[in-house]
Protein chains: 2
Amino acid sequence: MNATPQPGDEAAAQAANSRLVRDFGLLIKSATRLEQRIDTELRRTCGISHTMLEVLIRLCRRPGEEVSQRDLADDLTLTSSGTTRLIDRMEEAGLVDRVPSPADRRVTLVETTSHGRTVFLRAAAVHAEVVEKHFVEPLSADDYQRLTAALGRIDTALRDDV
Amino acid sequence: MNATPQPGDEAAAQAANSRLVRDFGLLIKSATRLEQRIDTELRRTCGISHTMLEVLIRLCRRPGEEVSQRDLADDLTLTSSGTTRLIDRMEEAGLVDRVPSPADRRVTLVETTSHGRTVFLRAAAVHAEVVEKHFVEPLSADDYQRLTAALGRIDTALRDDV
DNA sequence: TCTCAGAGATTGAGCGAGCAGCAATTGATT
DNA sequence: AATCAATTGCTGCTCGCTCAATCTCTGAGA
């Protein structure tokens with residue numbers, strides 16, 4: 001608190017300290033920290049990234065369902081090129097296989113390998129442990145329920161708007 | 001729903017459909033989408049990234065306060081090297097200045113330029129607009145209040161744990 | 001006073017994602 | 001049957017961040 005005051009300081013300080021700015025910063029920071037925590041834990045214990053786990057979750061959700069790279073890109077909020085290279089790495093690691101779609105020769109379907117499912121089960125346990133500890137535990141059951149409901153509304157609003 | 005069933009499918013499906021996994025996925029997805037939305041809007045209208053805005057927010061919060069790169073790194077959840085290059089770009093863009101600390105010759109203090117404060121005020125308005133629309137509006141006042149309180153608890157829990 | 005572990009900032013190498021542009025494929029229109 | 005816009009996945013390029021190594025500087029203990 002010793003520098004010489006600059007013109008515009010007060011207005012800037014007011015904007016920087018607004019309620020909205022602080023609250024939103026909190027959301028981003030919490031989510032970032034949580035994701036980083038999970039990512040490093042997954043890399044350490046299972047050798048996969050958080051993004052890869054998200055892919056495995058999507059692929060295992062409905063066994064037998066055909067999932068294309070486009071589906072994955074949409075669900076993970078990635079571009080098609082990002083998805084291409086992500087699946088490249090996962091195929092390289094033996095977690096998934098690429099299978100040409102019988103119905104449409106433009107699309108490639110992605111399937112888990114048995115090794116991918118093994119890794120997934122282990123990773124899901126680690127994931128659950130971290131989430132339980134840092135996401136569920138700090139909240140009361142009621143707060144947790146309300147929080148997830150609120151997030152759901154935000155997400156659908158974002159999706160609808162485009 | 002036509003592929004041949006694989007061993008381990010049921011266990012994997014159960015893990016992939018667990019309550020915890022879905023809820024946490026929602027948190028990450030909402031935060032990611034929201035941040036992307038703000039980032040592209042800021043780039044379009046003000047020519048800065050969301051991360052740069054976070055820096056400006058931090059620098060303007062308490063006028064006259066000395067803020068080092070290390071402080072910024074901690075507050076933004078970045079590494080020191082990431083911060084170095086971020087400040088490089090912001091200095092290049094004329095948004096901030098680097099000033100050696102008089103008290104400790106290892107540390108570099110970061111200060112906003114008057115141009116930086118001008119851009120900040122404009123960016124803060126854009127920021128507020130997007131946040132208002134996609135974060136505050138979908139929620140009732142009560143839900144919003146509870147949501148931010150819950151995020152605060154999660155954040156402090158994450159910070160304390162290390 | 002000297003030493004030395006540790007902190008802050010920087011640099012080089014590498015990774016993961018986006019953007020723009022491409023070829024192959026599809027489905028609808030004429 | 002021929003054409004053409006739209007879709008899917010892939011590739012070259014760039015950006016922003018991390019990790020590891022390095023340098024300078026600080027502060028505490030022998």
# chains A, B, ... in the order shown; residues from 1 in each chain; ligands from 1

$ residues_around --residues "stretch 4-19 of chain D" --least-positions-apart "3" --cutoff "6 Å" --atoms "only C-alpha atoms (C1' of nucleotides)" --output "list in words"
Arg106 and Val107 of chain A; Gly82 of chain B

$ interface_residues --of "chain A" --to "chain C" --cutoff "9 Å" --atoms "only C-alpha atoms (C1' of nucleotides)" --output "list of chain:residue names"
A:Leu78, A:Thr79, A:Ser81, A:Gly82, A:Arg85, A:Leu86, A:Asp104, A:Arg105, A:Arg106

$ write_last_selection --atoms "all heavy atoms" --output "CSV table (one decimal), in the first residue's frame"
chain,number,residue,atom,x,y,z
A,78,LEU,N,-14.8,-30.9,-27.3
A,78,LEU,CA,-13.6,-30.8,-28.0
A,78,LEU,C,-13.8,-30.6,-29.5
A,78,LEU,O,-14.9,-30.8,-30.0
A,78,LEU,CB,-12.8,-32.1,-27.9
A,78,LEU,CG,-12.1,-32.5,-26.6
A,78,LEU,CD1,-11.4,-33.8,-26.7
A,78,LEU,CD2,-11.1,-31.4,-26.3
A,79,THR,N,-12.8,-30.1,-30.2
A,79,THR,CA,-12.9,-30.1,-31.7
A,79,THR,C,-12.6,-31.4,-32.3
A,79,THR,O,-12.1,-32.3,-31.6
A,79,THR,CB,-11.9,-29.1,-32.3
A,79,THR,OG1,-10.6,-29.5,-31.9
A,79,THR,CG2,-12.1,-27.7,-31.7
A,81,SER,N,-10.5,-32.2,-34.5
A,81,SER,CA,-9.0,-32.5,-34.6
A,81,SER,C,-8.5,-32.9,-33.2
A,81,SER,O,-7.7,-33.8,-33.1
A,81,SER,CB,-8.3,-31.3,-35.1
A,81,SER,OG,-8.3,-30.2,-34.2
A,82,GLY,N,-8.9,-32.2,-32.2
A,82,GLY,CA,-8.5,-32.6,-30.8
A,82,GLY,C,-8.9,-34.0,-30.5
A,82,GLY,O,-8.1,-34.8,-29.9
A,85,ARG,N,-6.6,-36.6,-32.3
A,85,ARG,CA,-5.3,-36.9,-31.7
A,85,ARG,C,-5.4,-37.6,-30.4
A,85,ARG,O,-4.6,-38.4,-29.9
A,85,ARG,CB,-4.5,-35.6,-31.6
A,85,ARG,CG,-4.1,-35.1,-33.0
A,85,ARG,CD,-3.2,-33.9,-32.9
A,85,ARG,NE,-3.8,-32.8,-33.7
A,85,ARG,CZ,-3.4,-32.5,-34.9
A,85,ARG,NH1,-2.4,-33.1,-35.5
A,85,ARG,NH2,-4.0,-31.5,-35.5
A,86,LEU,N,-6.5,-37.3,-29.6
A,86,LEU,CA,-6.7,-37.9,-28.4
A,86,LEU,C,-6.9,-39.4,-28.6
A,86,LEU,O,-6.3,-40.2,-27.9
A,86,LEU,CB,-8.0,-37.3,-27.7
A,86,LEU,CG,-8.5,-37.9,-26.4
A,86,LEU,CD1,-7.4,-37.9,-25.3
A,86,LEU,CD2,-9.7,-37.2,-25.9
A,104,ASP,N,-21.8,-46.0,-42.4
A,104,ASP,CA,-21.4,-44.7,-43.0
A,104,ASP,C,-19.9,-44.7,-43.0
A,104,ASP,O,-19.2,-44.7,-42.0
A,104,ASP,CB,-21.9,-43.5,-42.1
A,104,ASP,CG,-21.6,-42.2,-42.8
A,104,ASP,OD1,-20.7,-42.1,-43.6
A,104,ASP,OD2,-22.4,-41.3,-42.6
A,105,ARG,N,-19.4,-44.7,-44.3
A,105,ARG,CA,-17.9,-44.9,-44.4
A,105,ARG,C,-17.1,-43.7,-44.0
A,105,ARG,O,-15.9,-43.7,-44.0
A,105,ARG,CB,-17.6,-45.4,-45.8
A,105,ARG,CG,-17.8,-46.9,-46.0
A,105,ARG,CD,-17.1,-47.4,-47.2
A,105,ARG,NE,-17.8,-46.9,-48.4
A,105,ARG,CZ,-17.3,-47.0,-49.6
A,105,ARG,NH1,-16.2,-47.7,-49.8
A,105,ARG,NH2,-18.0,-46.5,-50.7
A,106,ARG,N,-17.8,-42.6,-43.7
A,106,ARG,CA,-17.0,-41.4,-43.2
A,106,ARG,C,-16.7,-41.5,-41.7
A,106,ARG,O,-15.7,-41.0,-41.3
A,106,ARG,CB,-17.9,-40.1,-43.4
A,106,ARG,CG,-18.1,-39.7,-44.8
A,106,ARG,CD,-19.1,-38.6,-44.8
A,106,ARG,NE,-20.4,-39.0,-44.3
A,106,ARG,CZ,-21.5,-38.3,-44.2
A,106,ARG,NH1,-21.4,-37.0,-44.6
A,106,ARG,NH2,-22.6,-38.8,-43.8

$ select_by_dssp --residues "chain B" --states "helix (DSSP H, G or I)" --output "number ranges by chain"
B: 9-16, 19-46, 50-61, 69-76, 80-92, 114-136, 141-161

$ select_by_dssp --residues "chain B" --states "strand (DSSP E or B)" --output "list in words"
Ser68, Val96, Asp97, Arg98, Val99, Pro100, Thr108, Leu109, Val110, Glu111 and Thr112 of chain B

$ residues_around --residues "stretch 32-35 of chain B" --least-positions-apart "5" --cutoff "10 Å" --atoms "only C-alpha atoms (C1' of nucleotides)" --output "list of chain:residue names"
A:Phe24, A:Gly25, A:Leu27, A:Ile28, A:Ala31, A:Thr32, A:Leu76, A:Thr77, A:Ile154, A:Asp155, A:Leu158, A:Arg159, B:Leu26, B:Leu27, B:Thr40, B:Glu41, B:His50, B:Thr51, B:Val130, B:Val131, B:His134, B:Phe135

$ write_last_selection --atoms "C-alpha atoms" --output "mmCIF file, in the first residue's frame"
data_model
loop_
_atom_site.group_PDB
_atom_site.id
_atom_site.type_symbol
_atom_site.label_atom_id
_atom_site.label_comp_id
_atom_site.auth_asym_id
_atom_site.auth_seq_id
_atom_site.Cartn_x
_atom_site.Cartn_y
_atom_site.Cartn_z
ATOM 1 C CA PHE A 24 -17.376 -16.517 -10.935
ATOM 2 C CA GLY A 25 -13.666 -16.635 -10.212
ATOM 3 C CA LEU A 27 -16.328 -21.373 -9.759
ATOM 4 C CA ILE A 28 -13.511 -21.456 -12.279
ATOM 5 C CA ALA A 31 -13.269 -26.573 -11.002
ATOM 6 C CA THR A 32 -9.703 -26.063 -12.224
ATOM 7 C CA LEU A 76 -16.333 -33.714 -24.308
ATOM 8 C CA THR A 77 -16.502 -30.172 -25.725
ATOM 9 C CA ILE A 154 -26.549 -23.730 -15.979
ATOM 10 C CA ASP A 155 -25.461 -26.465 -18.323
ATOM 11 C CA LEU A 158 -25.543 -22.980 -22.008
ATOM 12 C CA ARG A 159 -26.463 -25.796 -24.324
ATOM 13 C CA LEU B 26 -21.421 -31.713 -14.884
ATOM 14 C CA LEU B 27 -19.304 -29.398 -12.751
ATOM 15 C CA THR B 40 -13.909 -16.115 -27.007
ATOM 16 C CA GLU B 41 -16.075 -13.107 -26.174
ATOM 17 C CA HIS B 50 -9.715 -14.876 -19.990
ATOM 18 C CA THR B 51 -6.457 -15.622 -18.142
ATOM 19 C CA VAL B 130 -21.686 -12.984 -19.975
ATOM 20 C CA VAL B 131 -21.552 -14.118 -16.358
ATOM 21 C CA HIS B 134 -25.166 -17.680 -18.203
ATOM 22 C CA PHE B 135 -24.297 -18.019 -14.537
#

$ closest_atom_pairs --of "chain A" --to "chain B" --cutoff "6 Å" --atoms "only C-alpha atoms" --output "Markdown table"
| residue | atom | partner | partner_atom | distance |
| --- | --- | --- | --- | --- |
| A:Met1 | CA | B:Gly64 | CA | 4.6 |
| A:Asn2 | CA | B:Gly64 | CA | 5.7 |
| A:Ala3 | CA | B:Gly64 | CA | 4.7 |
| A:Ala12 | CA | B:Cys60 | CA | 5.8 |
| A:Ala13 | CA | B:Arg61 | CA | 5.0 |
| A:Ala16 | CA | B:Ile57 | CA | 4.9 |
| A:Asn17 | CA | B:Arg61 | CA | 5.9 |
| A:Ile28 | CA | B:Ala31 | CA | 5.9 |
| A:Ser30 | CA | B:Asp155 | CA | 5.4 |
| A:Ala31 | CA | B:Ile28 | CA | 5.9 |
| A:Ile57 | CA | B:Ala16 | CA | 4.9 |
| A:Cys60 | CA | B:Ala13 | CA | 5.1 |
| A:Arg61 | CA | B:Ala13 | CA | 4.9 |
| A:Gly64 | CA | B:Met1 | CA | 4.6 |
| A:Glu65 | CA | B:Met1 | CA | 4.6 |
| A:Pro138 | CA | B:Ile154 | CA | 5.8 |
| A:Leu147 | CA | B:Leu147 | CA | 5.6 |
| A:Ile154 | CA | B:Pro138 | CA | 5.8 |
| A:Asp155 | CA | B:Ser30 | CA | 5.4 |

$ write_last_selection --atoms "N, CA and C atoms" --output "tab-separated table (two decimals), in the first residue's frame"
chain	number	residue	atom	x	y	z
A	1	MET	N	0.83	-1.19	0.00
A	1	MET	CA	0.00	0.00	0.00
A	1	MET	C	0.87	1.25	0.00
A	2	ASN	N	1.82	1.34	-0.94
A	2	ASN	CA	2.73	2.46	-0.90
A	2	ASN	C	2.99	3.10	-2.26
A	3	ALA	N	2.50	2.48	-3.31
A	3	ALA	CA	2.74	3.04	-4.64
A	3	ALA	C	1.91	4.31	-4.81
A	12	ALA	N	-11.36	0.89	-11.43
A	12	ALA	CA	-10.85	-0.46	-11.68
A	12	ALA	C	-11.02	-1.32	-10.44
A	13	ALA	N	-10.71	-0.77	-9.29
A	13	ALA	CA	-10.83	-1.53	-8.05
A	13	ALA	C	-12.27	-1.95	-7.81
A	16	ALA	N	-13.01	-4.79	-10.07
A	16	ALA	CA	-12.28	-6.00	-9.68
A	16	ALA	C	-12.85	-6.64	-8.42
A	17	ASN	N	-13.52	-5.83	-7.60
A	17	ASN	CA	-14.04	-6.36	-6.35
A	17	ASN	C	-15.53	-6.66	-6.40
A	28	ILE	N	-14.58	-21.03	-11.39
A	28	ILE	CA	-13.51	-21.46	-12.28
A	28	ILE	C	-12.35	-22.05	-11.49
A	30	SER	N	-12.28	-23.37	-8.44
A	30	SER	CA	-12.61	-24.65	-7.81
A	30	SER	C	-12.57	-25.77	-8.84
A	31	ALA	N	-13.21	-25.54	-9.97
A	31	ALA	CA	-13.27	-26.57	-11.00
A	31	ALA	C	-11.87	-26.89	-11.51
A	57	ILE	N	-15.39	-43.21	-19.76
A	57	ILE	CA	-16.72	-43.12	-19.13
A	57	ILE	C	-17.80	-43.12	-20.21
A	60	CYS	N	-18.21	-46.53	-21.92
A	60	CYS	CA	-18.71	-47.64	-21.11
A	60	CYS	C	-20.15	-47.42	-20.65
A	61	ARG	N	-20.65	-46.22	-20.88
A	61	ARG	CA	-21.95	-45.88	-20.31
A	61	ARG	C	-23.05	-46.81	-20.79
A	64	GLY	N	-22.42	-51.73	-25.92
A	64	GLY	CA	-22.99	-52.13	-27.19
A	64	GLY	C	-23.37	-50.95	-28.07
A	65	GLU	N	-23.47	-49.77	-27.48
A	65	GLU	CA	-23.82	-48.57	-28.27
A	65	GLU	C	-22.67	-48.19	-29.18
A	138	PRO	N	-16.94	-31.79	1.61
A	138	PRO	CA	-17.05	-30.46	2.19
A	138	PRO	C	-18.47	-29.92	2.25
A	147	LEU	N	-26.49	-27.98	-5.26
A	147	LEU	CA	-25.39	-27.59	-6.13
A	147	LEU	C	-25.48	-28.27	-7.49
A	154	ILE	N	-27.53	-24.52	-15.25
A	154	ILE	CA	-26.55	-23.73	-15.98
A	154	ILE	C	-26.14	-24.42	-17.27
A	155	ASP	N	-25.92	-25.71	-17.16
A	155	ASP	CA	-25.46	-26.47	-18.32
A	155	ASP	C	-26.50	-26.49	-19.43

$ atom_distance --atom1 "atom CA of A:His115" --atom2 "atom CA of A:Leu95"
6.0 Å

$ atom_distance --atom1 "atom CA of B:Asp88" --atom2 "atom CA of A:Asp39"
27.5 Å

$ decode --residues "stretch 53-88 of chain A" --atoms "N, CA and C atoms" --output "CSV table (one decimal), in the first residue's frame"
chain,number,residue,atom,x,y,z
A,53,LEU,N,-10.0,-40.5,-19.2
A,53,LEU,CA,-11.0,-41.1,-18.4
A,53,LEU,C,-12.4,-40.7,-18.8
A,54,GLU,N,-12.6,-39.4,-19.2
A,54,GLU,CA,-13.9,-39.0,-19.7
A,54,GLU,C,-14.3,-39.8,-20.9
A,55,VAL,N,-13.3,-40.1,-21.8
A,55,VAL,CA,-13.7,-40.9,-23.0
A,55,VAL,C,-14.1,-42.2,-22.6
A,56,LEU,N,-13.4,-42.9,-21.7
A,56,LEU,CA,-13.7,-44.2,-21.2
A,56,LEU,C,-15.1,-44.2,-20.6
A,57,ILE,N,-15.4,-43.2,-19.8
A,57,ILE,CA,-16.7,-43.1,-19.1
A,57,ILE,C,-17.8,-43.1,-20.2
A,58,ARG,N,-17.6,-42.3,-21.2
A,58,ARG,CA,-18.6,-42.2,-22.3
A,58,ARG,C,-18.8,-43.5,-23.0
A,59,LEU,N,-17.6,-44.2,-23.3
A,59,LEU,CA,-17.7,-45.4,-24.0
A,59,LEU,C,-18.3,-46.6,-23.2
A,60,CYS,N,-18.2,-46.5,-21.9
A,60,CYS,CA,-18.7,-47.6,-21.1
A,60,CYS,C,-20.1,-47.4,-20.7
A,61,ARG,N,-20.6,-46.2,-20.9
A,61,ARG,CA,-22.0,-45.9,-20.3
A,61,ARG,C,-23.0,-46.8,-20.8
A,62,ARG,N,-23.1,-47.0,-22.1
A,62,ARG,CA,-24.1,-47.9,-22.6
A,62,ARG,C,-23.5,-49.0,-23.5
A,63,PRO,N,-23.2,-50.1,-22.9
A,63,PRO,CA,-22.5,-51.2,-23.6
A,63,PRO,C,-23.2,-51.6,-24.9
A,64,GLY,N,-22.4,-51.7,-25.9
A,64,GLY,CA,-23.0,-52.1,-27.2
A,64,GLY,C,-23.4,-50.9,-28.1
A,65,GLU,N,-23.5,-49.8,-27.5
A,65,GLU,CA,-23.8,-48.6,-28.3
A,65,GLU,C,-22.7,-48.2,-29.2
A,66,GLU,N,-23.0,-47.8,-30.4
A,66,GLU,CA,-22.0,-47.3,-31.3
A,66,GLU,C,-21.7,-45.8,-31.0
A,67,VAL,N,-20.4,-45.5,-30.8
A,67,VAL,CA,-20.0,-44.2,-30.5
A,67,VAL,C,-18.9,-43.7,-31.5
A,68,SER,N,-19.2,-42.7,-32.2
A,68,SER,CA,-18.3,-42.2,-33.2
A,68,SER,C,-17.4,-41.1,-32.6
A,69,GLN,N,-16.3,-40.7,-33.3
A,69,GLN,CA,-15.5,-39.6,-32.8
A,69,GLN,C,-16.2,-38.3,-32.7
A,70,ARG,N,-17.2,-38.1,-33.6
A,70,ARG,CA,-18.0,-36.9,-33.5
A,70,ARG,C,-18.8,-36.9,-32.2
A,71,ASP,N,-19.4,-38.0,-31.9
A,71,ASP,CA,-20.1,-38.1,-30.6
A,71,ASP,C,-19.2,-37.7,-29.5
A,72,LEU,N,-18.0,-38.3,-29.5
A,72,LEU,CA,-17.1,-38.0,-28.4
A,72,LEU,C,-16.8,-36.5,-28.3
A,73,ALA,N,-16.5,-35.9,-29.5
A,73,ALA,CA,-16.1,-34.5,-29.6
A,73,ALA,C,-17.2,-33.7,-29.0
A,74,ASP,N,-18.5,-33.9,-29.4
A,74,ASP,CA,-19.6,-33.2,-28.9
A,74,ASP,C,-19.7,-33.3,-27.3
A,75,ASP,N,-19.6,-34.5,-26.9
A,75,ASP,CA,-19.8,-34.7,-25.4
A,75,ASP,C,-18.7,-34.2,-24.6
A,76,LEU,N,-17.5,-34.2,-25.1
A,76,LEU,CA,-16.3,-33.7,-24.3
A,76,LEU,C,-16.0,-32.2,-24.5
A,77,THR,N,-16.8,-31.6,-25.4
A,77,THR,CA,-16.5,-30.2,-25.7
A,77,THR,C,-15.1,-30.1,-26.3
A,78,LEU,N,-14.8,-30.9,-27.3
A,78,LEU,CA,-13.6,-30.8,-28.0
A,78,LEU,C,-13.8,-30.6,-29.5
A,79,THR,N,-12.8,-30.1,-30.2
A,79,THR,CA,-12.9,-30.1,-31.7
A,79,THR,C,-12.6,-31.4,-32.3
A,80,SER,N,-13.0,-31.6,-33.5
A,80,SER,CA,-12.8,-32.9,-34.2
A,80,SER,C,-11.3,-33.2,-34.2
A,81,SER,N,-10.5,-32.2,-34.5
A,81,SER,CA,-9.0,-32.5,-34.6
A,81,SER,C,-8.5,-32.9,-33.2
A,82,GLY,N,-8.9,-32.2,-32.2
A,82,GLY,CA,-8.5,-32.6,-30.8
A,82,GLY,C,-8.9,-34.0,-30.5
A,83,THR,N,-10.1,-34.4,-30.9
A,83,THR,CA,-10.5,-35.8,-30.7
A,83,THR,C,-9.7,-36.8,-31.5
A,84,THR,N,-9.4,-36.5,-32.7
A,84,THR,CA,-8.6,-37.4,-33.5
A,84,THR,C,-7.3,-37.7,-32.8
A,85,ARG,N,-6.6,-36.6,-32.3
A,85,ARG,CA,-5.3,-36.9,-31.7
A,85,ARG,C,-5.4,-37.6,-30.4
A,86,LEU,N,-6.5,-37.3,-29.6
A,86,LEU,CA,-6.7,-37.9,-28.4
A,86,LEU,C,-6.9,-39.4,-28.6
A,87,ILE,N,-7.7,-39.8,-29.5
A,87,ILE,CA,-8.0,-41.2,-29.8
A,87,ILE,C,-6.7,-41.8,-30.4
A,88,ASP,N,-5.9,-41.1,-31.1
A,88,ASP,CA,-4.6,-41.6,-31.5
A,88,ASP,C,-3.8,-42.1,-30.3
